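J.: Structure: upload_15.cif, mmCIF, N, CA and C atoms.
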```
data_work
loop_
_atom_site.label_atom_id
_atom_site.label_comp_id
_atom_site.auth_asym_id
_atom_site.auth_seq_id
_atom_site.Cartn_x
_atom_site.Cartn_y
_atom_site.Cartn_z
N MET A 277 7.00 3.72 23.77
CA MET A 277 7.40 5.08 23.58
C MET A 277 8.19 5.18 22.29
N ILE A 278 7.98 6.26 21.58
CA ILE A 278 8.70 6.52 20.33
C ILE A 278 9.57 7.74 20.53
N GLY A 279 10.82 7.62 20.22
CA GLY A 279 11.72 8.77 20.29
C GLY A 279 11.79 9.43 18.93
N THR A 280 11.70 10.75 18.91
CA THR A 280 11.79 11.46 17.64
C THR A 280 12.70 12.67 17.80
N ASN A 281 13.27 13.05 16.71
CA ASN A 281 14.05 14.29 16.64
C ASN A 281 13.34 15.20 15.67
N ILE A 282 12.93 16.36 16.16
CA ILE A 282 12.25 17.31 15.30
C ILE A 282 12.90 18.67 15.46
N TYR A 283 12.80 19.49 14.44
CA TYR A 283 13.32 20.85 14.52
C TYR A 283 12.18 21.76 14.95
N ILE A 284 12.44 22.57 15.95
CA ILE A 284 11.50 23.61 16.35
C ILE A 284 12.28 24.91 16.49
N SER A 285 11.61 26.00 16.21
CA SER A 285 12.28 27.30 16.26
C SER A 285 12.69 27.66 17.68
N GLN A 286 13.59 28.62 17.76
CA GLN A 286 14.03 29.11 19.07
C GLN A 286 12.85 29.65 19.86
N GLU A 287 11.96 30.35 19.18
CA GLU A 287 10.76 30.91 19.83
C GLU A 287 9.89 29.80 20.42
N THR A 288 9.71 28.73 19.67
CA THR A 288 8.91 27.60 20.16
C THR A 288 9.59 26.92 21.33
N GLN A 289 10.91 26.78 21.26
CA GLN A 289 11.65 26.19 22.36
C GLN A 289 11.45 27.00 23.64
N GLU A 290 11.54 28.31 23.51
CA GLU A 290 11.37 29.17 24.67
C GLU A 290 9.95 29.06 25.24
N SER A 291 8.96 28.95 24.35
CA SER A 291 7.58 28.80 24.80
C SER A 291 7.38 27.49 25.56
N LEU A 292 8.00 26.41 25.05
CA LEU A 292 7.90 25.12 25.74
C LEU A 292 8.55 25.18 27.12
N ILE A 293 9.70 25.84 27.20
CA ILE A 293 10.40 25.96 28.48
C ILE A 293 9.56 26.76 29.47
N LYS A 294 8.98 27.86 29.02
CA LYS A 294 8.13 28.68 29.89
C LYS A 294 6.90 27.91 30.35
N ALA A 295 6.27 27.17 29.43
CA ALA A 295 5.09 26.39 29.79
C ALA A 295 5.45 25.31 30.80
N ALA A 296 6.59 24.67 30.60
CA ALA A 296 7.03 23.63 31.53
C ALA A 296 7.30 24.21 32.91
N ALA A 297 7.94 25.37 32.95
CA ALA A 297 8.22 26.01 34.24
C ALA A 297 6.91 26.41 34.93
N PHE A 298 5.97 26.94 34.16
CA PHE A 298 4.68 27.35 34.71
C PHE A 298 3.92 26.16 35.30
N LYS A 299 3.92 25.03 34.56
CA LYS A 299 3.21 23.84 35.01
C LYS A 299 4.03 22.99 35.97
N GLU A 300 5.29 23.36 36.13
CA GLU A 300 6.22 22.62 36.99
C GLU A 300 6.36 21.16 36.55
N ILE A 301 6.51 20.98 35.24
CA ILE A 301 6.75 19.66 34.66
C ILE A 301 7.88 19.80 33.65
N SER A 302 8.34 18.68 33.11
CA SER A 302 9.45 18.73 32.16
C SER A 302 8.97 19.22 30.79
N VAL A 303 9.93 19.72 30.02
CA VAL A 303 9.65 20.16 28.66
C VAL A 303 9.11 18.98 27.84
N GLU A 304 9.65 17.79 28.06
CA GLU A 304 9.19 16.60 27.35
C GLU A 304 7.72 16.31 27.65
N GLU A 305 7.33 16.49 28.91
CA GLU A 305 5.93 16.26 29.27
C GLU A 305 5.01 17.28 28.61
N VAL A 306 5.45 18.52 28.53
CA VAL A 306 4.64 19.55 27.85
C VAL A 306 4.50 19.20 26.37
N ALA A 307 5.61 18.87 25.73
CA ALA A 307 5.58 18.53 24.31
C ALA A 307 4.70 17.30 24.06
N SER A 308 4.81 16.29 24.91
CA SER A 308 3.98 15.09 24.76
C SER A 308 2.51 15.42 24.92
N SER A 309 2.20 16.28 25.87
CA SER A 309 0.81 16.68 26.10
C SER A 309 0.24 17.38 24.87
N ILE A 310 1.02 18.28 24.30
CA ILE A 310 0.59 18.99 23.10
C ILE A 310 0.36 18.02 21.96
N LEU A 311 1.28 17.09 21.77
CA LEU A 311 1.14 16.12 20.69
C LEU A 311 -0.07 15.20 20.90
N ARG A 312 -0.29 14.76 22.14
CA ARG A 312 -1.44 13.90 22.43
C ARG A 312 -2.75 14.58 22.06
N GLU A 313 -2.81 15.88 22.28
CA GLU A 313 -4.03 16.62 21.98
C GLU A 313 -4.16 16.96 20.50
N SER A 314 -3.05 17.33 19.87
CA SER A 314 -3.14 17.84 18.50
C SER A 314 -3.14 16.77 17.42
N ILE A 315 -2.46 15.66 17.64
CA ILE A 315 -2.40 14.63 16.61
C ILE A 315 -3.79 14.07 16.28
N PRO A 316 -4.59 13.65 17.26
CA PRO A 316 -5.93 13.16 16.90
C PRO A 316 -6.77 14.25 16.22
N GLU A 317 -6.61 15.49 16.65
CA GLU A 317 -7.35 16.60 16.04
C GLU A 317 -6.95 16.74 14.57
N LYS A 318 -5.64 16.74 14.32
CA LYS A 318 -5.16 16.89 12.94
C LYS A 318 -5.54 15.68 12.09
N LEU A 319 -5.45 14.47 12.64
CA LEU A 319 -5.82 13.29 11.89
C LEU A 319 -7.31 13.30 11.58
N GLY A 320 -8.11 13.81 12.49
CA GLY A 320 -9.54 13.94 12.25
C GLY A 320 -9.81 14.89 11.10
N GLN A 321 -9.06 15.97 11.00
CA GLN A 321 -9.22 16.92 9.92
C GLN A 321 -8.82 16.28 8.59
N ILE A 322 -7.76 15.51 8.61
CA ILE A 322 -7.32 14.83 7.39
C ILE A 322 -8.37 13.84 6.94
N SER A 323 -8.87 13.04 7.88
CA SER A 323 -9.89 12.04 7.56
C SER A 323 -11.13 12.72 7.01
N TYR A 324 -11.57 13.79 7.65
CA TYR A 324 -12.76 14.52 7.22
C TYR A 324 -12.54 15.08 5.81
N SER A 325 -11.35 15.62 5.58
CA SER A 325 -11.02 16.18 4.28
C SER A 325 -11.06 15.11 3.20
N LEU A 326 -10.50 13.95 3.49
CA LEU A 326 -10.48 12.86 2.51
C LEU A 326 -11.88 12.33 2.24
N GLU A 327 -12.72 12.29 3.26
CA GLU A 327 -14.10 11.82 3.07
C GLU A 327 -14.87 12.74 2.15
N ASN A 328 -14.58 14.00 2.16
CA ASN A 328 -15.31 14.98 1.35
C ASN A 328 -14.73 15.13 -0.05
N LYS A 329 -13.62 14.49 -0.33
CA LYS A 329 -13.01 14.60 -1.65
C LYS A 329 -13.71 13.70 -2.68
N GLY A 330 -14.43 12.73 -2.21
CA GLY A 330 -15.09 11.78 -3.13
C GLY A 330 -14.30 10.50 -3.23
N LYS A 331 -14.86 9.56 -3.90
CA LYS A 331 -14.22 8.26 -4.05
C LYS A 331 -13.59 8.15 -5.43
N PHE A 332 -12.44 7.53 -5.47
CA PHE A 332 -11.73 7.36 -6.72
C PHE A 332 -11.68 5.89 -7.09
N ALA A 333 -11.81 5.61 -8.35
CA ALA A 333 -11.70 4.22 -8.82
C ALA A 333 -10.24 3.92 -9.10
N PHE A 334 -9.80 2.76 -8.67
CA PHE A 334 -8.43 2.34 -8.95
C PHE A 334 -8.44 1.40 -10.13
N LEU A 335 -7.56 1.63 -11.09
CA LEU A 335 -7.49 0.80 -12.28
C LEU A 335 -6.46 -0.27 -12.14
#
```
Do you think you could lay out the structure here as structure tokens?
T.:
Amino acid sequence: MIGTNIYISQETQESLIKAAAFKEISVEEVASSILRESIPEKLGQISYSLENKGKFAFL
């Protein structure tokens, strides 16, 4: 497990709290779930973007 400190807006905090209450799980579990889903998606977009940029020669 990796512990991180990140800044999120008050609005986002409230959304996480509401989602956690709705799902009856902790805020940490909601945040972890979101990260598990979004990180691979975002990394896939980065990888795809880099693949389409072309290859560069290193001198």
J.: As lines of an AutoDock Vina configuration file, please: the centre and edge lengths in Å, to one decimal, of an axis-aligned box enclosing every listed atom of range 302-314 of chain A with 8 Å added on each side.
T.:
```
center_x = 2.9
center_y = 17.0
center_z = 25.3
size_x = 30.1
size_y = 22.3
size_z = 31.7
```
J.: One number please: CA of Leu319 in chain A to CA of Lys299 in chain A, in Å, one decimal.
T.: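 Interatomic distance, CA of Leu319 in chain A to CA of Lys299 in chain A: 27.0 Å.
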J.: Atom C of Gly320 in chain A and atom C of Ser302 in chain A are how many Å apart?
T.: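 These two atoms are separated by 27.6 Å.
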J.: Do you have the atom C of Ser291 in chain A-atom C of Ala307 in chain A distance handy?
T.: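 Atom-to-atom, atom C of Ser291 in chain A and atom C of Ala307 in chain A are spaced 10.6 Å apart.
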J.: Name the closest residue to Thr280 in chain A among the candidates A:Ala295, A:Glu300, A:Glu313, A:Ser308; distances are taken between atoms, counting only C-alpha atoms.
T.: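 Of all the options, A:Ser308 lies closest to Thr280 in chain A.
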J.: Pick out the closest residue to Val306 in chain A from this set: A:Leu292, A:Lys318, A:Gln286, A:Ile278. Count only N, CA and C atoms.
T.: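 The shortest atom-to-atom distance to Val306 in chain A comes from A:Leu292.
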J.: Could you give me range 297-322 of chain A completed to N, CA, C and O atoms, formatted as a compact mmCIF listing (two decimals), in the frame of the given file?
T.:
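Okay, result-v1.txt is ready:
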```txt
# COMPACT_ATOMS: atom_id res chain seq x y z
N ALA A 297 7.94 25.37 32.95
CA ALA A 297 8.22 26.01 34.24
C ALA A 297 6.91 26.41 34.93
O ALA A 297 6.76 26.21 36.14
N PHE A 298 5.97 26.94 34.16
CA PHE A 298 4.68 27.35 34.71
C PHE A 298 3.92 26.16 35.30
O PHE A 298 3.36 26.24 36.38
N LYS A 299 3.92 25.03 34.56
CA LYS A 299 3.21 23.84 35.01
C LYS A 299 4.03 22.99 35.97
O LYS A 299 3.53 21.99 36.50
N GLU A 300 5.29 23.36 36.13
CA GLU A 300 6.22 22.62 36.99
C GLU A 300 6.36 21.16 36.55
O GLU A 300 6.30 20.23 37.35
N ILE A 301 6.51 20.98 35.24
CA ILE A 301 6.75 19.66 34.66
C ILE A 301 7.88 19.80 33.65
O ILE A 301 8.31 20.91 33.33
N SER A 302 8.34 18.68 33.11
CA SER A 302 9.45 18.73 32.16
C SER A 302 8.97 19.22 30.79
O SER A 302 7.79 19.15 30.44
N VAL A 303 9.93 19.72 30.02
CA VAL A 303 9.65 20.16 28.66
C VAL A 303 9.11 18.98 27.84
O VAL A 303 8.18 19.14 27.04
N GLU A 304 9.65 17.79 28.06
CA GLU A 304 9.19 16.60 27.35
C GLU A 304 7.72 16.31 27.65
O GLU A 304 6.96 15.94 26.75
N GLU A 305 7.33 16.49 28.91
CA GLU A 305 5.93 16.26 29.27
C GLU A 305 5.01 17.28 28.61
O GLU A 305 3.92 16.93 28.16
N VAL A 306 5.45 18.52 28.53
CA VAL A 306 4.64 19.55 27.85
C VAL A 306 4.50 19.20 26.37
O VAL A 306 3.40 19.23 25.82
N ALA A 307 5.61 18.87 25.73
CA ALA A 307 5.58 18.53 24.31
C ALA A 307 4.70 17.30 24.06
O ALA A 307 3.90 17.28 23.12
N SER A 308 4.81 16.29 24.91
CA SER A 308 3.98 15.09 24.76
C SER A 308 2.51 15.42 24.92
O SER A 308 1.66 14.91 24.18
N SER A 309 2.20 16.28 25.87
CA SER A 309 0.81 16.68 26.10
C SER A 309 0.24 17.38 24.87
O SER A 309 -0.88 17.10 24.44
N ILE A 310 1.02 18.28 24.30
CA ILE A 310 0.59 18.99 23.10
C ILE A 310 0.36 18.02 21.96
O ILE A 310 -0.65 18.09 21.25
N LEU A 311 1.28 17.09 21.77
CA LEU A 311 1.14 16.12 20.69
C LEU A 311 -0.07 15.20 20.90
O LEU A 311 -0.79 14.90 19.95
N ARG A 312 -0.29 14.76 22.14
CA ARG A 312 -1.44 13.90 22.43
C ARG A 312 -2.75 14.58 22.06
O ARG A 312 -3.68 13.94 21.60
N GLU A 313 -2.81 15.88 22.28
CA GLU A 313 -4.03 16.62 21.98
C GLU A 313 -4.16 16.96 20.50
O GLU A 313 -5.24 16.92 19.94
N SER A 314 -3.05 17.33 19.87
CA SER A 314 -3.14 17.84 18.50
C SER A 314 -3.14 16.77 17.42
O SER A 314 -3.74 16.96 16.37
N ILE A 315 -2.46 15.66 17.64
CA ILE A 315 -2.40 14.63 16.61
C ILE A 315 -3.79 14.07 16.28
O ILE A 315 -4.16 14.05 15.10
N PRO A 316 -4.59 13.65 17.26
CA PRO A 316 -5.93 13.16 16.90
C PRO A 316 -6.77 14.25 16.22
O PRO A 316 -7.52 13.97 15.29
N GLU A 317 -6.61 15.49 16.65
CA GLU A 317 -7.35 16.60 16.04
C GLU A 317 -6.95 16.74 14.57
O GLU A 317 -7.79 16.85 13.69
N LYS A 318 -5.64 16.74 14.32
CA LYS A 318 -5.16 16.89 12.94
C LYS A 318 -5.54 15.68 12.09
O LYS A 318 -5.93 15.82 10.94
N LEU A 319 -5.45 14.47 12.64
CA LEU A 319 -5.82 13.29 11.89
C LEU A 319 -7.31 13.30 11.58
O LEU A 319 -7.74 12.85 10.53
N GLY A 320 -8.11 13.81 12.49
CA GLY A 320 -9.54 13.94 12.25
C GLY A 320 -9.81 14.89 11.10
O GLY A 320 -10.68 14.64 10.26
N GLN A 321 -9.06 15.97 11.00
CA GLN A 321 -9.22 16.92 9.92
C GLN A 321 -8.82 16.28 8.59
O GLN A 321 -9.47 16.48 7.58
N ILE A 322 -7.76 15.51 8.61
CA ILE A 322 -7.32 14.83 7.39
C ILE A 322 -8.37 13.84 6.94
O ILE A 322 -8.74 13.78 5.78
```
